[in-house]
Amino acid sequence: MDIRVSETPFDPGAESNAFLERGKAAGAAVTFTGLVRSLPDEPILALTLDCYPELAVNQLTAIATQAMARFSLADITVIHRYGRMLPGEPIVQVMALSAHRQAAFDGAQMVMDYLKTDAPFWKKETTATGEHWVQAKPADDNAKARWEA
Amino acid sequence: MKVLYFAWLRERLNMSEEDIAFPPEVVTTGDVIAYLAARDEAGALAFERPAIFKTALDARIVPHGTPLADAKVIALLPPMTGG
């Protein structure tokens, strides 16, 4: 398991290749990459993530450990950035390795769903009109809750 | 005890951390929030809805109402929006 929380940018392709190289005999790997979004009708200039790094590592480790056990994953990597980012830059990458595709999909998705509400990161958007903290979404709580049913 | 604030809570209180010698009646994480809410106007506004905050003691999230015991750091965490 590899859990990284850092201000340093990461290269999603290089990370994915390294993960596949380490686990190529396993059978199935899923990679999810979250990027800074800027849509035409709600463009942003920058995204700044506040973070409590020590707690973030603890929380991501707990979430990943849970997903590993539940879906019998062979390996999992979670990389999460904080600090200031521009549209299109990678924020987060979750990679899950398993003998079968469904477990790899489920493991990666469960980690993302938990991470959204349980890992101490806070997004602030900078737009042409100013800055604002992103509101927590009830949909994110619901996405997490379905793993607890 | 060291108290950490994050995101909009840090901005509303205008500080990222402080050291507070809590009075003996502050026993649990919930008491810390109540203490800060009663301390001044900025605290009252920031902690208007105390139930939305999660708290961590020494970088571990704990349930509401957990005794502070001998923890050295408490973090007050607004609803999280990572990913």
# chains A, B, ... in the order shown; residues from 1 in each chain; ligands from 1

call {"tool": "select_by_dssp", "arguments": {"residues": "region 8-136 of chain A", "states": "helix (DSSP H, G or I)", "output": "VMD selection string"}}
result
chain A and resid 12 to 22 53 to 70 101 to 118

call {"tool": "interface_residues", "arguments": {"of": "chain A", "to": "chain B", "cutoff": "8 Å", "atoms": "only C-alpha atoms", "output": "PyMOL selection string"}}
result
chain A and resi 34+49-52+54-55+58-59+80+91-92+112+115-123+133-136

call {"tool": "write_last_selection", "arguments": {"atoms": "N, CA, C and O atoms", "output": "short mmCIF file (atom, residue, chain, number, x, y, z; two decimals), in the first residue's frame"}}
result
data_model
loop_
_atom_site.label_atom_id
_atom_site.label_comp_id
_atom_site.auth_asym_id
_atom_site.auth_seq_id
_atom_site.Cartn_x
_atom_site.Cartn_y
_atom_site.Cartn_z
N GLY A 34 -8.48 12.32 -10.55
CA GLY A 34 -9.33 13.51 -10.41
C GLY A 34 -8.54 14.74 -10.82
O GLY A 34 -7.41 14.93 -10.37
N LEU A 49 -6.34 23.80 -2.32
CA LEU A 49 -6.79 22.83 -1.33
C LEU A 49 -6.06 23.03 -0.01
O LEU A 49 -4.84 23.01 0.04
N ASP A 50 -6.88 23.26 1.03
CA ASP A 50 -6.34 23.26 2.38
C ASP A 50 -6.30 21.81 2.84
O ASP A 50 -7.09 20.98 2.37
N CYS A 51 -5.40 21.49 3.76
CA CYS A 51 -5.21 20.09 4.15
C CYS A 51 -4.62 20.01 5.55
O CYS A 51 -3.89 20.91 5.97
N TYR A 52 -4.94 18.92 6.23
CA TYR A 52 -4.28 18.58 7.50
C TYR A 52 -3.51 17.30 7.18
O TYR A 52 -4.05 16.20 7.28
N GLU A 54 -1.12 15.27 8.28
CA GLU A 54 -0.93 14.12 9.17
C GLU A 54 -2.22 13.31 9.31
O GLU A 54 -2.22 12.07 9.22
N LEU A 55 -3.33 14.03 9.50
CA LEU A 55 -4.62 13.34 9.59
C LEU A 55 -5.02 12.74 8.25
O LEU A 55 -5.62 11.65 8.19
N ASN A 58 -3.43 9.43 7.86
CA ASN A 58 -4.10 8.45 8.73
C ASN A 58 -5.44 8.02 8.15
O ASN A 58 -5.77 6.83 8.14
N GLN A 59 -6.22 8.99 7.68
CA GLN A 59 -7.56 8.68 7.17
C GLN A 59 -7.47 7.86 5.87
O GLN A 59 -8.21 6.89 5.68
N HIS A 80 -2.72 12.24 -3.13
CA HIS A 80 -3.61 13.41 -3.05
C HIS A 80 -2.76 14.65 -2.86
O HIS A 80 -1.93 14.71 -1.96
N ILE A 91 -5.44 16.27 -9.15
CA ILE A 91 -5.57 16.48 -7.71
C ILE A 91 -5.34 15.18 -6.96
O ILE A 91 -4.69 15.13 -5.94
N VAL A 92 -5.96 14.12 -7.49
CA VAL A 92 -6.00 12.87 -6.76
C VAL A 92 -5.86 11.71 -7.74
O VAL A 92 -6.33 11.81 -8.89
N MET A 112 -12.52 6.36 -3.28
CA MET A 112 -12.88 7.72 -3.69
C MET A 112 -14.11 8.22 -2.94
O MET A 112 -14.16 9.37 -2.51
N LEU A 115 -13.09 8.98 0.61
CA LEU A 115 -12.14 10.09 0.63
C LEU A 115 -12.83 11.45 0.54
O LEU A 115 -12.45 12.40 1.22
N LYS A 116 -13.89 11.52 -0.27
CA LYS A 116 -14.60 12.78 -0.48
C LYS A 116 -15.11 13.38 0.82
O LYS A 116 -15.15 14.60 0.98
N THR A 117 -15.58 12.54 1.75
CA THR A 117 -16.21 13.06 2.97
C THR A 117 -15.35 12.86 4.21
O THR A 117 -15.60 13.48 5.23
N ASP A 118 -14.36 11.96 4.15
CA ASP A 118 -13.65 11.57 5.38
C ASP A 118 -12.17 11.96 5.40
O ASP A 118 -11.49 11.72 6.39
N ALA A 119 -11.66 12.48 4.30
CA ALA A 119 -10.25 12.89 4.30
C ALA A 119 -10.18 14.42 4.40
O ALA A 119 -10.92 15.12 3.71
N PRO A 120 -9.31 14.93 5.28
CA PRO A 120 -9.32 16.37 5.60
C PRO A 120 -8.67 17.25 4.52
O PRO A 120 -7.55 17.70 4.65
N PHE A 121 -9.45 17.44 3.45
CA PHE A 121 -9.09 18.38 2.39
C PHE A 121 -10.27 19.33 2.20
O PHE A 121 -11.43 18.90 2.32
N TRP A 122 -9.96 20.58 1.88
CA TRP A 122 -11.01 21.58 1.67
C TRP A 122 -10.66 22.39 0.43
O TRP A 122 -9.58 22.97 0.34
N LYS A 123 -11.61 22.45 -0.52
CA LYS A 123 -11.36 23.14 -1.79
C LYS A 123 -11.84 24.59 -1.75
O LYS A 123 -12.97 24.86 -1.35
N TRP A 133 -15.14 29.00 -0.75
CA TRP A 133 -14.96 27.62 -0.33
C TRP A 133 -16.05 26.76 -0.95
O TRP A 133 -17.22 27.13 -0.94
N VAL A 134 -15.68 25.63 -1.48
CA VAL A 134 -16.65 24.70 -2.08
C VAL A 134 -17.49 24.09 -0.95
O VAL A 134 -16.96 23.71 0.09
N GLN A 135 -18.80 24.04 -1.18
CA GLN A 135 -19.70 23.45 -0.19
C GLN A 135 -19.65 21.93 -0.25
O GLN A 135 -19.57 21.36 -1.34
N ALA A 136 -19.73 21.29 0.90
CA ALA A 136 -19.85 19.83 0.92
C ALA A 136 -21.19 19.44 0.32
O ALA A 136 -22.19 20.13 0.52
#

call {"tool": "residues_around", "arguments": {"residues": "Met1 (chain B)", "least_positions_apart": "6", "cutoff": "12 Å", "atoms": "only C-alpha atoms", "output": "ChimeraX atom specification"}}
result
/B:17-23,26,29,32,57-58,68-75

call {"tool": "residues_around", "arguments": {"residues": "Ala64 (chain A)", "least_positions_apart": "6", "cutoff": "12 Å", "atoms": "only C-alpha atoms", "output": "ChimeraX atom specification"}}
result
/A:1-4,56-58,70-79,94-97,106-115,118-119

call {"tool": "select_by_dssp", "arguments": {"residues": "region 4-142 of chain A", "states": "strand (DSSP E or B)", "output": "PyMOL selection string"}}
result
chain A and resi 4-6+28-35+39+42+46-51+75-81+83-85+90-98+121-127+130-133

call {"tool": "atom_distance", "arguments": {"atom1": "CA of Leu13 (chain B)", "atom2": "CA of Arg39 (chain B)"}}
result
11.4 Å

call {"tool": "atom_distance", "arguments": {"atom1": "CA of Thr129 (chain A)", "atom2": "CA of Arg81 (chain A)"}}
result
25.0 Å

call {"tool": "residues_around", "arguments": {"residues": "Glu89 (chain A)", "least_positions_apart": "2", "cutoff": "12 Å", "atoms": "only C-alpha atoms", "output": "list in words"}}
result
Thr8, Pro9, Phe10, Asp11, Pro12, Thr33, Gly34, Leu35, Val36, Arg37, Ser38, Leu45, Ala46, Leu47, Thr48, His80, Arg81, Tyr82, Gly83, Arg84, Met85, Leu86, Pro87, Ile91, Val92 and Gln93 of chain A

call {"tool": "closest_residue", "arguments": {"among": "B:Lys2, B:Pro67, B:Arg12, B:Val62", "to": "Glu41 (chain B)", "atoms": "only C-alpha atoms"}}
result
B:Arg12

call {"tool": "residues_around", "arguments": {"residues": "Ala38 (chain B)", "least_positions_apart": "6", "cutoff": "12 Å", "atoms": "only C-alpha atoms", "output": "CSV table (one decimal) with N, CA, C and O atoms, in the first residue's frame"}}
result
chain,number,residue,atom,x,y,z
B,31,ASP,N,-17.2,20.1,24.5
B,31,ASP,CA,-16.9,21.2,25.4
B,31,ASP,C,-16.0,22.3,24.8
B,31,ASP,O,-16.2,23.4,25.0
B,32,VAL,N,-15.0,21.8,24.0
B,32,VAL,CA,-14.1,22.7,23.3
B,32,VAL,C,-14.9,23.6,22.4
B,32,VAL,O,-14.7,24.9,22.4
B,44,ALA,N,-18.7,32.7,18.2
B,44,ALA,CA,-20.2,32.4,18.1
B,44,ALA,C,-20.6,32.2,16.7
B,44,ALA,O,-21.4,31.3,16.4
B,45,LEU,N,-20.1,33.1,15.8
B,45,LEU,CA,-20.5,33.0,14.4
B,45,LEU,C,-19.9,31.7,13.7
B,45,LEU,O,-20.6,31.0,13.0
B,46,ALA,N,-18.6,31.4,14.0
B,46,ALA,CA,-17.9,30.3,13.4
B,46,ALA,C,-18.6,29.0,13.8
B,46,ALA,O,-18.7,28.0,13.0
B,47,PHE,N,-19.0,28.9,15.0
B,47,PHE,CA,-19.5,27.6,15.6
B,47,PHE,C,-21.1,27.7,15.7
B,47,PHE,O,-21.6,27.0,16.6
B,48,GLU,N,-21.7,28.4,14.8
B,48,GLU,CA,-23.2,28.6,14.9
B,48,GLU,C,-23.8,27.2,14.8
B,48,GLU,O,-24.8,27.0,15.4
B,50,PRO,N,-22.6,23.7,15.5
B,50,PRO,CA,-21.5,22.9,16.0
B,50,PRO,C,-21.6,21.5,15.5
B,50,PRO,O,-20.5,20.9,15.3
